[in-house]
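J.: This is the structure I want to talk about, given as structure tokens.
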Amino acid sequence: MRSQFWGLFVREILRTFRNPFVLLITVVQPFMWLAFFGSSFGNVSPVYLKGLFGTTNYIEFLLPGVLSTSMLSVGMFGSMSTIQDKRFGFMKRILITPTSKEIIFLSKALGSATRGLVQIPVMVVAAVAFGVSFGLSPLEWAAWIAGLFCLAIGFSSLFLAITAPSTDWQTPGVVSNFITMPLMFASASMFSSSQFPAWMQAISNVNPITFSALLGRSFVLGRPIPWEYLGYLAVFAVGMLAIGYFVSARWLRVE
Amino acid sequence: MTDPPAIELRGLSKRYGSGEGSVLALDRVNLSITKGTVFGLLGPNGAGKTTLIKVLTGISDVTEGEGSVAGFDIRRQSLEVRARIGWVAAEVILDDDFSGWENLWLQAKLQSLTGWEDRAHQLLDYFSLADRAKDKVGHYSTGMRKKLEIALALLHQPSVIFMDEPTIGLDVGTRRMLWDIVTGIHREFGVTVLLTTHYIEEADALCDRVAIIDEGRIIAEGSPSELKARVKADLVQLETSDGVDVRALSDLPGVQEVRSQGNEWVIRVASSEEFLPRLFARVPTDHIRRISVEKPSLETVFLDLTGRRIGQDEPMRDVRKFYMQMRRARQ
């Protein structure tokens with residue numbers, strides 16, 4: 001079981017890093033967020049920015065949010081590899097070995113989350129280039145990364161659960177897009193949710209992206225650390241893993 | 001004591017869907033395949049060959065009936081079965097971003113093998129792939145890819161290899177190479193091979209025994225020579241410009257059966273050499289559009305059993321009908 005998991009996990013990772021285009025997009029996409037979206041408040045007065053975001057550098061505010069939404073995208077793209085494996089018959093090749101569907105799910109979820117983690121150092125370096133300074137302790141770094149990892153595991157599992165039963169390659173993509181948009185905007189990833197209308201605040205208050213963004217922001221901006229958010233993200237990851245595991249075991253279809 | 005069969009099926013059925021729109025893809029299939037044989041499953045497209053492989057390899061569930069592969073129940077011991085089988089797909093399925101060696105590595109991981117490297121080197125040598133083992137398989141030729149796929153199927157020393165239409169879409173040279181490989185691996189590795197095909201000559205050349213499958217049912221089984229001996233007749237296919245007098249044809253000496261097949265007539269005769277002069281004496285030769293004679297072959301066995309040719313499915317019949325109408329319109 002360990003051998004099969006390791007084989008499939010390494011395959012997931014190598015496939016990403018051997019495809020220069022996928023690697024480039026994985027790295028460049030969040031960087032573009034910082035460059036384009038982060039610069040959109042470039043001409044706004046520092047006083048106004050301080051009042052709105054609690055910092056005069058919007059990128060400082062944005063970085064934890066962008067990293068959190070990146071984990072959402074990573075989860076979505078990770079599930080697409082399942083569709084690809086079904087379309088090109090590789091899923092059949094795997095399942096005509098003593099590899100269980102649960103192992104396939106776990107290797108893909110972990111592979112996808114690991115790919116997400118690659119974005120963290122790239123984004124941090126980019127943020128430094130945009131004038132963000134980091135004074136985090138090793139424990140804070142570890143907690144921030146752990147939160148992001150939980151978020152990536154949770155979303156990867158969710159999207160894998162959506163793609164597992166499907167034999168159609170278009171529907172999961174459409175469903176994933178349908179979920180992604182509201183999750184991204186109804187969160188505190190780009191703006192403070194205190195400015196949202198009540199119904200959006202209600203979504204944002206249970207949205208794991210909000211918890212991850214606020215946790216990261218507390219580290220970057222030196223605010224009081226809401227450690228319980230890390231617990232929430234861990235529960236989200238475990239819950240989604242359990243759902244994905246169960247759905248894959250029962251309904252993962254080969255073609 | 002005799003060895004248990006490599007594959008045994010008893011009343012195995014597979015139905016896709018339920019209710020009115022459901023399709024019975026396998027209909028109470030009974031089959032016993034002796035260890036160490038190359039067994040061919042011959043039938044037209046849609047006959048149920050691939051479905052049977054899917055059921056035996058655990059990709060599809062069984063609707064009804066029992067089956068075992070390498071002594072393990074396909075319903076209850078799927079993991080044990082999958083540890084003892086290899087699979088070669090109709091379309092080559094490899095990880096193109098990986099090298100040949102890495103594909104073998106992945107296969108070893110999926111089969112939980114230890115100490116697989118020697119075997120992998122042996123297989124790479126056997127298939128003349130050792131020099132290209134470190135190249136990405138995306139850069140391999142079709143023949144090399146097919147060889148690597150067979151090497152993957154053999155890596156864990158399986159008892160049974162399933163080859164699902166392994167030569168489909170291959171050029172003649174590569175197909176011949178694959179035939180040699182199938183014969184070779186059977187001889188060298190002593191593995192049981194279940195091969196599906198709709199190529200008559202492939203089944204004839206490679207298989208110790210053949211089962212003919214049509215519409216989900218096994219309609220005949222035996223060695224190629226046994227099956228051909230069943231026909232005991234030559235088949236004459238006749239197409240005329242103005243029909244034939246069936247009774248007059250049937251009364252000709254040596255005629256066993258006259259059967260209409262669209263615009264053609266299939267005449268089963270004891271000896272075509274004796275029949276043809278009699279036919280030409282009865283039917284004016286300028287009325288004959290086309291005539292062909294087939295000596296007993298697996299094709300004629302299928303034709304004899306089903307009234308159709310293996311490659312003759314519905315759309316093909318429509319095309320022939322279309323050309324026939326066009327010809328009439330021109331006359």
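Simple scheme: letters A, B, ... for chains in structure tokens order, numbers from 1 for residues in each chain, numbers from 1 for ligands in the order shown.
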If we count only C-alpha atoms, which residues of chain B reach to within 7 Å of chain A? Please list them as a PyMOL selection string.

T.: chain B and resi 57+79+82-83+93+97+106+109-112

J.: Could you name the residues that touch Thr26 (chain A) at 12 Å or less, counting only C-alpha atoms, but leaving out those on the same chain fewer than 3 positions away, as a PyMOL selection string?

T.: chain A and resi 16-17+19-23+29-33+67+70-71+73-75+77-78+112+114-120+122-123

J.: Could you list, as a VMD selection string, every residue within 12 Å of region 257-260 of chain B, counting only C-alpha atoms and ignoring same-chain residues fewer than 3 positions away?

T.: chain B and resid 233 to 240 243 to 254 263 to 270 303 to 304 306 to 308

J.: Out of region 50-241 of chain B, which residues get helix (DSSP H, G or I) from DSSP, as a ChimeraX atom specification?

T.: /B:50-56,78-82,100-110,117-126,130-132,137-139,142-154,172-189,200-206,224-231

J.: Counting only C-alpha atoms, which residue out of A:Phe159, A:Trp199, A:Trp169, A:Trp251 sits closest to Met76 (chain A)?

T.: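 With only C-alpha atoms as the atom set, the closest residue is A:Phe159.
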
J.: May I have the residues within 9 Å of Ile150 (chain B) as a PyMOL selection string, using only C-alpha atoms and disregarding those fewer than 5 positions away in the same chain?

T.: chain B and resi 86-88+127+145+155+181

J.: Could you please determine the separation between CA of Leu136 (chain A) and CA of Pro121 (chain A) in Å, to one decimal place?

T.: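 Interatomic distance here is 13.9 Å.
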
J.: Taking only C-alpha atoms into account, which of A:Ala142, A:Met190, A:Ile103, A:Val132 comes nearest Gly244 (chain A)?

T.: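 For Gly244 (chain A), the nearest of the candidates is A:Ile103.
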
J.: Out of region 223-269 of chain B, which residues get strand (DSSP E or B) from DSSP, as a VMD selection string?

T.: chain B and resid 234 to 240 255 to 261 264 to 269

J.: Generate the output file for the selected residues, C-alpha atoms, as a short mmCIF file (atom, residue, chain, number, x, y, z; two decimals), in the first residue's frame.

T.:
data_model
loop_
_atom_site.label_atom_id
_atom_site.label_comp_id
_atom_site.auth_asym_id
_atom_site.auth_seq_id
_atom_site.Cartn_x
_atom_site.Cartn_y
_atom_site.Cartn_z
CA ASP B 234 -16.86 -24.46 -48.86
CA LEU B 235 -18.84 -21.25 -48.93
CA VAL B 236 -19.68 -19.71 -52.28
CA GLN B 237 -20.87 -16.13 -52.20
CA LEU B 238 -22.85 -15.09 -55.23
CA GLU B 239 -24.25 -11.79 -56.35
CA THR B 240 -26.32 -11.69 -59.54
CA VAL B 255 -25.39 -28.03 -52.15
CA GLN B 256 -26.02 -28.16 -48.43
CA GLU B 257 -27.71 -24.80 -47.88
CA VAL B 258 -28.60 -21.63 -49.75
CA ARG B 259 -28.96 -18.55 -47.61
CA SER B 260 -29.84 -15.01 -48.59
CA GLN B 261 -27.60 -12.29 -47.17
CA GLU B 264 -26.00 -11.83 -52.00
CA TRP B 265 -26.48 -15.54 -51.71
CA VAL B 266 -24.31 -17.69 -49.52
CA ILE B 267 -24.22 -21.24 -50.82
CA ARG B 268 -22.75 -23.95 -48.65
CA VAL B 269 -21.35 -26.73 -50.76
#

J.: Find, counting only C-alpha atoms, the residue in B:Gly36, B:Gly143, B:Gly48, B:Pro277 that gets nearest to Phe189 (chain B).

T.: B:Gly36

J.: Could you pull the residues within 9 Å of Asp95 (chain B), counting only C-alpha atoms, minus those fewer than 2 positions along the same chain, as a ChimeraX atom specification?

T.: /A:90 /B:93,97-100,102-103,136-138

J.: Phe185 (chain A): which residues within 10 Å, counting only C-alpha atoms, same-chain residues fewer than 3 positions away excluded, as number ranges by chain?

T.: A: 69, 180-182, 188-191, 193, 200, 203-204, 209-210

J.: Env of region 202-218 of chain B: 6 Å cut, atoms = only C-alpha atoms, seq-sep filter 6 positions within chain, self excluded. Answer as a list in words.

T.: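 The filter keeps Ala25, Leu26, Asp27, Val38, Phe39, Gly40, Leu41, Leu42, Gly43, Ala47, Gly48 and Pro224 of chain B.
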